[in-house]
$ cat final.cif   # mmCIF, C-alpha atoms and all ligand atoms
data_data
loop_
_atom_site.group_PDB
_atom_site.id
_atom_site.type_symbol
_atom_site.label_atom_id
_atom_site.label_comp_id
_atom_site.auth_asym_id
_atom_site.auth_seq_id
_atom_site.Cartn_x
_atom_site.Cartn_y
_atom_site.Cartn_z
ATOM 1 C CA MET A 8 -12.276 -63.138 19.098
ATOM 2 C CA LYS A 9 -14.453 -66.080 19.868
ATOM 3 C CA LEU A 10 -16.870 -65.071 17.121
ATOM 4 C CA ARG A 11 -14.055 -64.787 14.608
ATOM 5 C CA LYS A 12 -12.923 -68.287 15.467
ATOM 6 C CA VAL A 13 -16.415 -69.630 14.993
ATOM 7 C CA SER A 14 -16.826 -68.005 11.603
ATOM 8 C CA ALA A 15 -13.420 -69.256 10.477
ATOM 9 C CA ALA A 16 -14.464 -72.764 11.476
ATOM 10 C CA ALA A 17 -17.775 -72.340 9.701
ATOM 11 C CA ALA A 18 -15.985 -71.145 6.573
ATOM 12 C CA THR A 19 -13.695 -74.177 6.672
ATOM 13 C CA ALA A 20 -16.695 -76.460 7.091
ATOM 14 C CA LEU A 21 -18.367 -74.818 4.111
ATOM 15 C CA VAL A 22 -15.272 -75.183 1.939
ATOM 16 C CA LEU A 23 -15.010 -78.826 2.980
ATOM 17 C CA ALA A 24 -18.677 -79.411 2.219
ATOM 18 C CA LEU A 25 -18.318 -77.791 -1.199
ATOM 19 C CA THR A 26 -15.195 -79.782 -1.944
ATOM 20 C CA ALA A 27 -16.971 -82.987 -0.952
ATOM 21 C CA THR A 28 -19.870 -82.104 -3.254
ATOM 22 C CA ALA A 29 -17.528 -81.196 -6.093
ATOM 23 C CA CYS A 30 -15.786 -84.556 -5.768
ATOM 24 C CA GLY A 31 -19.227 -86.192 -5.512
ATOM 25 C CA GLY A 32 -19.279 -89.962 -5.376
ATOM 26 C CA ASP A 33 -15.643 -90.500 -4.372
ATOM 27 C CA ASP A 34 -15.810 -93.819 -2.597
ATOM 28 C CA GLY A 35 -12.503 -93.661 -0.772
ATOM 29 C CA GLY A 36 -10.869 -95.890 -3.342
ATOM 30 C CA ASP A 37 -8.917 -94.760 -6.354
ATOM 31 C CA SER A 38 -11.080 -93.571 -9.224
ATOM 32 C CA ASN A 39 -9.850 -96.330 -11.531
ATOM 33 C CA SER A 40 -10.367 -99.041 -8.936
ATOM 34 C CA GLY A 41 -13.679 -100.131 -10.449
ATOM 35 C CA SER A 42 -15.878 -102.456 -8.433
ATOM 36 C CA GLY A 43 -13.268 -105.157 -8.069
ATOM 37 C CA GLY A 44 -10.710 -103.059 -6.184
ATOM 38 C CA GLY A 45 -7.054 -103.224 -7.137
ATOM 39 C CA GLY A 46 -6.752 -99.555 -8.161
ATOM 40 C CA ASP A 47 -3.878 -97.284 -7.160
ATOM 41 C CA LYS A 48 -4.870 -96.503 -3.590
ATOM 42 C CA ILE A 49 -7.403 -97.366 -0.926
ATOM 43 C CA LYS A 50 -8.219 -94.962 1.895
ATOM 44 C CA ILE A 51 -8.783 -96.632 5.248
ATOM 45 C CA GLY A 52 -9.887 -94.935 8.464
ATOM 46 C CA ILE A 53 -8.125 -95.855 11.704
ATOM 47 C CA LYS A 54 -7.359 -94.294 15.069
ATOM 48 C CA TYR A 55 -3.973 -92.568 15.409
ATOM 49 C CA ASP A 56 -3.704 -92.453 19.218
ATOM 50 C CA GLN A 57 -4.595 -95.911 20.506
ATOM 51 C CA PRO A 58 -1.503 -98.067 21.242
ATOM 52 C CA GLY A 59 -2.004 -101.729 20.301
ATOM 53 C CA LEU A 60 -5.001 -100.945 18.061
ATOM 54 C CA GLY A 61 -4.384 -97.958 15.833
ATOM 55 C CA LEU A 62 -1.308 -95.837 16.403
ATOM 56 C CA LYS A 63 0.681 -93.409 14.297
ATOM 57 C CA GLU A 64 4.271 -94.004 15.372
ATOM 58 C CA PRO A 65 6.776 -91.131 15.685
ATOM 59 C CA ASP A 66 8.480 -92.296 12.457
ATOM 60 C CA GLY A 67 5.187 -91.945 10.568
ATOM 61 C CA SER A 68 4.448 -95.695 10.331
ATOM 62 C CA PHE A 69 1.265 -97.271 11.690
ATOM 63 C CA SER A 70 0.802 -100.124 14.153
ATOM 64 C CA GLY A 71 -1.918 -102.022 15.980
ATOM 65 C CA PHE A 72 -4.469 -104.782 15.642
ATOM 66 C CA ASP A 73 -6.891 -102.656 13.602
ATOM 67 C CA VAL A 74 -4.028 -101.708 11.275
ATOM 68 C CA ASP A 75 -3.089 -105.393 10.816
ATOM 69 C CA VAL A 76 -6.701 -106.448 10.223
ATOM 70 C CA ALA A 77 -7.228 -103.645 7.703
ATOM 71 C CA THR A 78 -3.936 -104.431 5.942
ATOM 72 C CA TYR A 79 -4.941 -108.100 5.593
ATOM 73 C CA VAL A 80 -8.408 -107.167 4.318
ATOM 74 C CA ALA A 81 -7.004 -104.623 1.853
ATOM 75 C CA LYS A 82 -4.691 -107.286 0.432
ATOM 76 C CA GLU A 83 -7.674 -109.589 -0.138
ATOM 77 C CA LEU A 84 -9.401 -106.691 -1.894
ATOM 78 C CA GLY A 85 -6.405 -106.311 -4.214
ATOM 79 C CA TYR A 86 -4.330 -103.613 -2.490
ATOM 80 C CA GLU A 87 -0.722 -104.038 -1.353
ATOM 81 C CA PRO A 88 0.321 -102.309 1.906
ATOM 82 C CA ASN A 89 2.011 -99.486 -0.036
ATOM 83 C CA GLN A 90 -1.328 -98.753 -1.744
ATOM 84 C CA ILE A 91 -3.045 -98.010 1.561
ATOM 85 C CA GLU A 92 -3.585 -94.402 2.551
ATOM 86 C CA TRP A 93 -4.347 -94.260 6.284
ATOM 87 C CA VAL A 94 -6.754 -91.555 7.401
ATOM 88 C CA GLU A 95 -7.433 -90.593 11.021
ATOM 89 C CA THR A 96 -11.081 -91.149 11.897
ATOM 90 C CA LYS A 97 -11.896 -90.065 15.446
ATOM 91 C CA SER A 98 -14.858 -91.646 17.197
ATOM 92 C CA ALA A 99 -17.286 -88.818 16.437
ATOM 93 C CA ASP A 100 -16.270 -88.560 12.757
ATOM 94 C CA ARG A 101 -16.683 -92.159 11.606
ATOM 95 C CA GLU A 102 -20.221 -92.216 10.194
ATOM 96 C CA ASN A 103 -19.697 -88.920 8.355
ATOM 97 C CA ALA A 104 -16.331 -90.000 6.930
ATOM 98 C CA LEU A 105 -18.025 -93.047 5.389
ATOM 99 C CA SER A 106 -21.125 -91.207 4.166
ATOM 100 C CA ARG A 107 -18.997 -88.517 2.510
ATOM 101 C CA GLY A 108 -16.772 -91.118 0.873
ATOM 102 C CA ASP A 109 -13.601 -89.816 2.587
ATOM 103 C CA VAL A 110 -12.556 -93.430 3.190
ATOM 104 C CA LYS A 111 -13.540 -96.789 1.720
ATOM 105 C CA MET A 112 -13.628 -98.549 5.085
ATOM 106 C CA ILE A 113 -13.013 -97.896 8.774
ATOM 107 C CA ALA A 114 -11.267 -100.258 11.199
ATOM 108 C CA ALA A 115 -11.087 -98.098 14.309
ATOM 109 C CA THR A 116 -12.336 -99.910 17.438
ATOM 110 C CA TYR A 117 -15.708 -99.317 15.782
ATOM 111 C CA SER A 118 -18.506 -101.083 17.645
ATOM 112 C CA ILE A 119 -21.423 -102.398 15.618
ATOM 113 C CA THR A 120 -24.607 -100.827 17.018
ATOM 114 C CA ASP A 121 -28.190 -100.562 15.763
ATOM 115 C CA GLU A 122 -27.990 -96.778 15.841
ATOM 116 C CA ARG A 123 -24.858 -96.692 13.675
ATOM 117 C CA LYS A 124 -26.365 -99.272 11.317
ATOM 118 C CA GLN A 125 -28.951 -96.646 10.337
ATOM 119 C CA LYS A 126 -26.108 -94.670 8.764
ATOM 120 C CA VAL A 127 -23.390 -97.146 7.747
ATOM 121 C CA ASP A 128 -22.961 -100.863 7.055
ATOM 122 C CA PHE A 129 -20.618 -103.170 8.939
ATOM 123 C CA ALA A 130 -18.588 -106.250 8.089
ATOM 124 C CA GLY A 131 -17.501 -108.507 10.941
ATOM 125 C CA PRO A 132 -17.371 -108.588 13.891
ATOM 126 C CA TYR A 133 -13.649 -109.282 14.129
ATOM 127 C CA LEU A 134 -13.097 -108.685 17.875
ATOM 128 C CA LEU A 135 -15.204 -108.725 21.015
ATOM 129 C CA ALA A 136 -14.095 -106.177 23.631
ATOM 130 C CA HIS A 137 -15.790 -104.894 26.789
ATOM 131 C CA GLN A 138 -16.137 -101.471 28.314
ATOM 132 C CA ASP A 139 -13.977 -101.051 31.404
ATOM 133 C CA LEU A 140 -12.499 -98.377 33.655
ATOM 134 C CA LEU A 141 -8.902 -97.242 33.921
ATOM 135 C CA VAL A 142 -8.076 -95.728 37.316
ATOM 136 C CA LYS A 143 -4.945 -94.818 39.283
ATOM 137 C CA ALA A 144 -3.237 -97.856 40.834
ATOM 138 C CA ASP A 145 -4.279 -96.708 44.349
ATOM 139 C CA SER A 146 -7.892 -95.778 43.424
ATOM 140 C CA ASP A 147 -10.781 -97.269 45.419
ATOM 141 C CA ILE A 148 -13.197 -97.151 42.443
ATOM 142 C CA LYS A 149 -14.371 -100.740 41.968
ATOM 143 C CA GLU A 150 -17.856 -100.552 40.442
ATOM 144 C CA GLY A 151 -19.449 -98.502 37.685
ATOM 145 C CA THR A 152 -21.755 -96.932 40.274
ATOM 146 C CA ASP A 153 -18.712 -95.694 42.269
ATOM 147 C CA LEU A 154 -18.332 -93.178 39.439
ATOM 148 C CA ASN A 155 -21.434 -91.158 40.320
ATOM 149 C CA GLY A 156 -20.179 -87.715 41.392
ATOM 150 C CA LYS A 157 -16.659 -88.541 40.200
ATOM 151 C CA LYS A 158 -14.744 -86.955 37.315
ATOM 152 C CA LEU A 159 -14.784 -89.316 34.406
ATOM 153 C CA CYS A 160 -13.333 -88.950 30.925
ATOM 154 C CA SER A 161 -14.399 -90.525 27.649
ATOM 155 C CA VAL A 162 -14.644 -89.610 23.995
ATOM 156 C CA THR A 163 -17.353 -87.783 22.045
ATOM 157 C CA GLY A 164 -19.309 -90.070 19.731
ATOM 158 C CA SER A 165 -18.247 -93.276 21.507
ATOM 159 C CA THR A 166 -20.487 -95.992 22.883
ATOM 160 C CA SER A 167 -18.422 -95.673 26.090
ATOM 161 C CA ALA A 168 -19.619 -92.111 26.775
ATOM 162 C CA GLN A 169 -23.192 -92.994 25.801
ATOM 163 C CA ASN A 170 -23.287 -96.024 28.116
ATOM 164 C CA VAL A 171 -22.109 -93.894 31.049
ATOM 165 C CA LYS A 172 -24.893 -91.363 30.461
ATOM 166 C CA ASP A 173 -27.578 -93.989 29.842
ATOM 167 C CA GLU A 174 -26.856 -96.540 32.525
ATOM 168 C CA ILE A 175 -23.422 -96.997 34.089
ATOM 169 C CA ALA A 176 -23.203 -93.748 36.067
ATOM 170 C CA PRO A 177 -25.621 -91.021 34.907
ATOM 171 C CA LYS A 178 -24.497 -88.802 37.799
ATOM 172 C CA ALA A 179 -20.784 -88.918 36.965
ATOM 173 C CA GLN A 180 -19.151 -85.652 35.889
ATOM 174 C CA LEU A 181 -18.452 -86.820 32.370
ATOM 175 C CA GLN A 182 -15.900 -84.976 30.259
ATOM 176 C CA GLN A 183 -15.986 -85.908 26.590
ATOM 177 C CA LEU A 184 -12.812 -85.238 24.646
ATOM 178 C CA GLY A 185 -11.751 -85.914 21.054
ATOM 179 C CA GLY A 186 -9.535 -88.946 21.702
ATOM 180 C CA TYR A 187 -8.626 -91.250 24.578
ATOM 181 C CA SER A 188 -4.997 -90.085 24.637
ATOM 182 C CA GLU A 189 -6.345 -86.684 25.706
ATOM 183 C CA CYS A 190 -7.946 -88.256 28.802
ATOM 184 C CA ILE A 191 -4.774 -89.985 29.979
ATOM 185 C CA ALA A 192 -2.941 -86.799 30.967
ATOM 186 C CA GLY A 193 -5.853 -85.716 33.172
ATOM 187 C CA LEU A 194 -5.908 -89.074 34.908
ATOM 188 C CA GLN A 195 -2.179 -88.971 35.507
ATOM 189 C CA SER A 196 -2.330 -85.484 37.052
ATOM 190 C CA ASP A 197 -5.350 -86.383 39.264
ATOM 191 C CA GLN A 198 -7.654 -83.948 37.480
ATOM 192 C CA LEU A 199 -9.770 -86.968 36.578
ATOM 193 C CA ASP A 200 -10.801 -90.000 38.637
ATOM 194 C CA ALA A 201 -11.247 -92.487 35.792
ATOM 195 C CA LEU A 202 -11.144 -93.032 32.051
ATOM 196 C CA THR A 203 -13.699 -95.319 30.472
ATOM 197 C CA THR A 204 -13.680 -97.138 27.174
ATOM 198 C CA ASP A 205 -13.020 -100.641 25.834
ATOM 199 C CA ASP A 206 -10.637 -102.861 27.819
ATOM 200 C CA ALA A 207 -8.570 -103.519 24.674
ATOM 201 C CA ILE A 208 -7.852 -99.787 24.361
ATOM 202 C CA LEU A 209 -7.222 -99.206 28.078
ATOM 203 C CA ALA A 210 -4.811 -102.164 28.317
ATOM 204 C CA GLY A 211 -2.798 -100.649 25.468
ATOM 205 C CA PHE A 212 -2.448 -97.330 27.292
ATOM 206 C CA ALA A 213 -1.683 -98.905 30.681
ATOM 207 C CA ALA A 214 1.168 -100.915 29.131
ATOM 208 C CA GLN A 215 2.950 -97.851 27.727
ATOM 209 C CA GLU A 216 6.442 -97.491 29.182
ATOM 210 C CA GLN A 217 5.739 -94.045 30.650
ATOM 211 C CA TYR A 218 2.606 -95.252 32.489
ATOM 212 C CA LYS A 219 3.868 -98.614 33.786
ATOM 213 C CA GLY A 220 2.574 -99.330 37.295
ATOM 214 C CA GLN A 221 0.546 -96.101 37.479
ATOM 215 C CA PHE A 222 -2.890 -97.344 36.398
ATOM 216 C CA LYS A 223 -5.106 -100.409 36.770
ATOM 217 C CA LEU A 224 -8.090 -101.785 34.858
ATOM 218 C CA THR A 225 -11.090 -102.684 37.015
ATOM 219 C CA GLY A 226 -12.000 -105.702 34.823
ATOM 220 C CA LEU A 227 -15.720 -104.894 35.084
ATOM 221 C CA LYS A 228 -16.885 -105.861 31.544
ATOM 222 C CA LEU A 229 -19.528 -103.140 31.550
ATOM 223 C CA SER A 230 -20.679 -103.880 27.976
ATOM 224 C CA ASN A 231 -20.040 -106.001 24.903
ATOM 225 C CA GLU A 232 -18.311 -104.121 22.100
ATOM 226 C CA ASN A 233 -18.383 -106.019 18.800
ATOM 227 C CA TYR A 234 -15.780 -104.419 16.532
ATOM 228 C CA GLY A 235 -16.833 -104.218 12.906
ATOM 229 C CA ILE A 236 -15.349 -102.728 9.755
ATOM 230 C CA GLY A 237 -17.564 -99.854 8.664
ATOM 231 C CA VAL A 238 -18.345 -99.147 5.014
ATOM 232 C CA LYS A 239 -20.682 -96.752 3.217
ATOM 233 C CA LYS A 240 -24.368 -97.597 3.655
ATOM 234 C CA GLY A 241 -25.508 -99.889 0.847
ATOM 235 C CA ASP A 242 -22.030 -101.099 -0.178
ATOM 236 C CA THR A 243 -22.968 -104.756 0.247
ATOM 237 C CA GLU A 244 -20.363 -105.906 -2.249
ATOM 238 C CA THR A 245 -17.536 -104.539 -0.078
ATOM 239 C CA VAL A 246 -19.143 -105.913 3.105
ATOM 240 C CA ASN A 247 -19.216 -109.404 1.567
ATOM 241 C CA LYS A 248 -15.615 -109.185 0.383
ATOM 242 C CA ILE A 249 -14.434 -107.968 3.800
ATOM 243 C CA ASN A 250 -16.333 -110.772 5.535
ATOM 244 C CA ASP A 251 -14.636 -113.349 3.279
ATOM 245 C CA ALA A 252 -11.266 -111.772 4.083
ATOM 246 C CA LEU A 253 -11.946 -111.816 7.841
ATOM 247 C CA GLU A 254 -12.961 -115.479 7.707
ATOM 248 C CA LYS A 255 -9.743 -116.282 5.867
ATOM 249 C CA MET A 256 -7.700 -114.251 8.347
ATOM 250 C CA VAL A 257 -9.045 -116.379 11.199
ATOM 251 C CA SER A 258 -8.743 -119.737 9.407
ATOM 252 C CA ASP A 259 -5.157 -119.235 8.170
ATOM 253 C CA GLY A 260 -3.874 -118.224 11.629
ATOM 254 C CA SER A 261 -3.170 -114.566 10.763
ATOM 255 C CA TRP A 262 -5.814 -113.353 13.231
ATOM 256 C CA ASP A 263 -4.143 -115.236 16.113
ATOM 257 C CA LYS A 264 -0.755 -113.921 15.090
ATOM 258 C CA ALA A 265 -2.003 -110.314 14.976
ATOM 259 C CA VAL A 266 -3.688 -110.707 18.370
ATOM 260 C CA LYS A 267 -0.484 -112.038 19.965
ATOM 261 C CA GLU A 268 1.739 -109.384 18.428
ATOM 262 C CA ASN A 269 -0.485 -106.454 19.325
ATOM 263 C CA PHE A 270 -2.131 -107.452 22.608
ATOM 264 C CA GLY A 271 0.684 -109.616 24.013
ATOM 265 C CA PRO A 272 2.793 -106.683 25.269
ATOM 266 C CA ALA A 273 -0.260 -105.188 27.039
ATOM 267 C CA ASN A 274 -1.140 -108.567 28.581
ATOM 268 C CA TYR A 275 -4.696 -108.091 27.269
ATOM 269 C CA LYS A 276 -6.808 -111.226 27.664
ATOM 270 C CA HIS A 277 -8.759 -111.132 24.433
ATOM 271 C CA GLU A 278 -11.871 -113.155 23.615
ATOM 272 C CA LYS A 279 -11.702 -115.808 20.912
ATOM 273 C CA ALA A 280 -12.329 -114.799 17.307
ATOM 274 C CA PRO A 281 -16.009 -113.960 16.785
ATOM 275 C CA LYS A 282 -18.045 -115.647 14.046
ATOM 276 C CA ILE A 283 -18.922 -113.357 11.160
ATOM 277 C CA GLY A 284 -22.426 -111.944 11.619
ATOM 278 C CA GLN A 285 -22.725 -113.073 15.244
ATOM 279 C CA ILE A 286 -23.160 -110.077 17.503
ATOM 280 C CA VAL A 287 -22.848 -110.690 21.234
ATOM 281 C CA GLN A 288 -25.524 -108.511 22.869
HETATM 282 N N1 LIG A 301 -15.796 -99.282 20.669
HETATM 283 C C1 LIG A 301 -16.386 -98.094 21.165
HETATM 284 C C2 LIG A 301 -17.023 -97.261 20.065
HETATM 285 O O1 LIG A 301 -17.038 -97.659 18.958
HETATM 286 C C3 LIG A 301 -15.421 -97.239 21.972
HETATM 287 C C4 LIG A 301 -14.090 -97.022 21.301
HETATM 288 C C5 LIG A 301 -14.074 -95.863 20.338
HETATM 289 O O2 LIG A 301 -14.503 -94.753 20.710
HETATM 290 O O3 LIG A 301 -13.598 -96.062 19.233
HETATM 291 O O4 LIG A 301 -17.535 -96.198 20.293
#
$ encode --input "final.cif" --output "structure tokens" --more "lines below"
Ligand code: GLU
Amino acid sequence: MKLRKVSAAAATALVLALTATACGGDDGGDSNSGSGGGGDKIKIGIKYDQPGLGLKEPDGSFSGFDVDVATYVAKELGYEPNQIEWVETKSADRENALSRGDVKMIAATYSITDERKQKVDFAGPYLLAHQDLLVKADSDIKEGTDLNGKKLCSVTGSTSAQNVKDEIAPKAQLQQLGGYSECIAGLQSDQLDALTTDDAILAGFAAQEQYKGQFKLTGLKLSNENYGIGVKKGDTETVNKINDALEKMVSDGSWDKAVKENFGPANYKHEKAPKIGQIVQ
């Protein structure tokens, strides 16, 4: 049974690979978009399960800071909101989605790192977040090192999981799932002791009506996470256009407005707008 499942998955992967090859060179934008943008559609990768950042609402609409940033940028590139096709890009899928040309850009709590820069290019940064821990309101976990031996959840392909393994708590029992929403249930039912990722993401979960009062953030600032917009490696033209759009978004007040609307309800104390090209190590 298990074997059959594996071969079915392998067959799907093969079909996908062949399809990608057959479509060769699709850049995530509409085929008649040309280099200046403004074609029929633009495909943009976001998260679907992160309230306040990238969320697919029950009615099929999309909300969050990443969604607002991407919508603003797309407009500057010549695409109206109804020309955007949102695509879910989970943490572990982002580099491949860009390399394959599944999407033109990704705005999905995507930290700029040297390792990722080997495979993709980044515009930005457009937000500075920090890795933190989400624990039950009555938990006595206060430091990263308190996690050693404890059950911790994070997401495959994230800097959060990597940082835990490399330095924060190498002896924690780390479970890596596909998305952060999958970790929340385990934390709520005491199967997990903590969930770790960026404070901006955790604040969004903690503020959800059904979780109110149940969890707390430790406020540890375990890392600096500089959110960038990922594009295909070598697409300097798009990087430059996105950077111009991000600068405009900050200077015309739209960045502040998006921050207030999306992080206000979660009471997330965000950092000020980063300068384009300035990575906080
Ligand atoms: N910002 C971190 C990262 O890019 C964690 C959040 C995420 O998984 O998207 O890996």
$ residues_near_ligand --input "final.cif" --ligand "ligand LIG 301 (chain A)" --cutoff "8 Å" --atoms "all atoms listed in the file" --output "list in words"
Lys54, Lys97, Ser98, Ala99, Ala115, Thr116, Tyr117, Ser118, Ile119, Ala136, Gln138, Val162, Thr163, Gly164, Ser165, Thr166, Ser167, Ala168, Gly186, Tyr187, Thr204, Asp205, Ile208, Glu232, Asn233 and Tyr234 of chain A
$ atom_distance --input "final.cif" --atom1 "CA of Lys279 in chain A" --atom2 "CA of Asp173 in chain A"
28.4 Å
$ resolve_selection --input "final.cif" --expression "the PyMOL selection byres (((chain A and resi 86) around 9) and not hetatm)" --output "list of chain:residue names"
A:Gly44, A:Gly45, A:Gly46, A:Asp47, A:Lys48, A:Ile49, A:Thr78, A:Val80, A:Ala81, A:Lys82, A:Glu83, A:Leu84, A:Gly85, A:Glu87, A:Pro88, A:Asn89, A:Gln90, A:Ile91
$ atom_distance --input "final.cif" --atom1 "CA of Thr243 in chain A" --atom2 "CA of Lys111 in chain A"
12.4 Å
$ closest_residue --input "final.cif" --among "A:Lys264, A:Lys240, A:Lys228, A:Lys126" --to "Tyr79 in chain A" --atoms "only C-alpha atoms"
A:Lys264
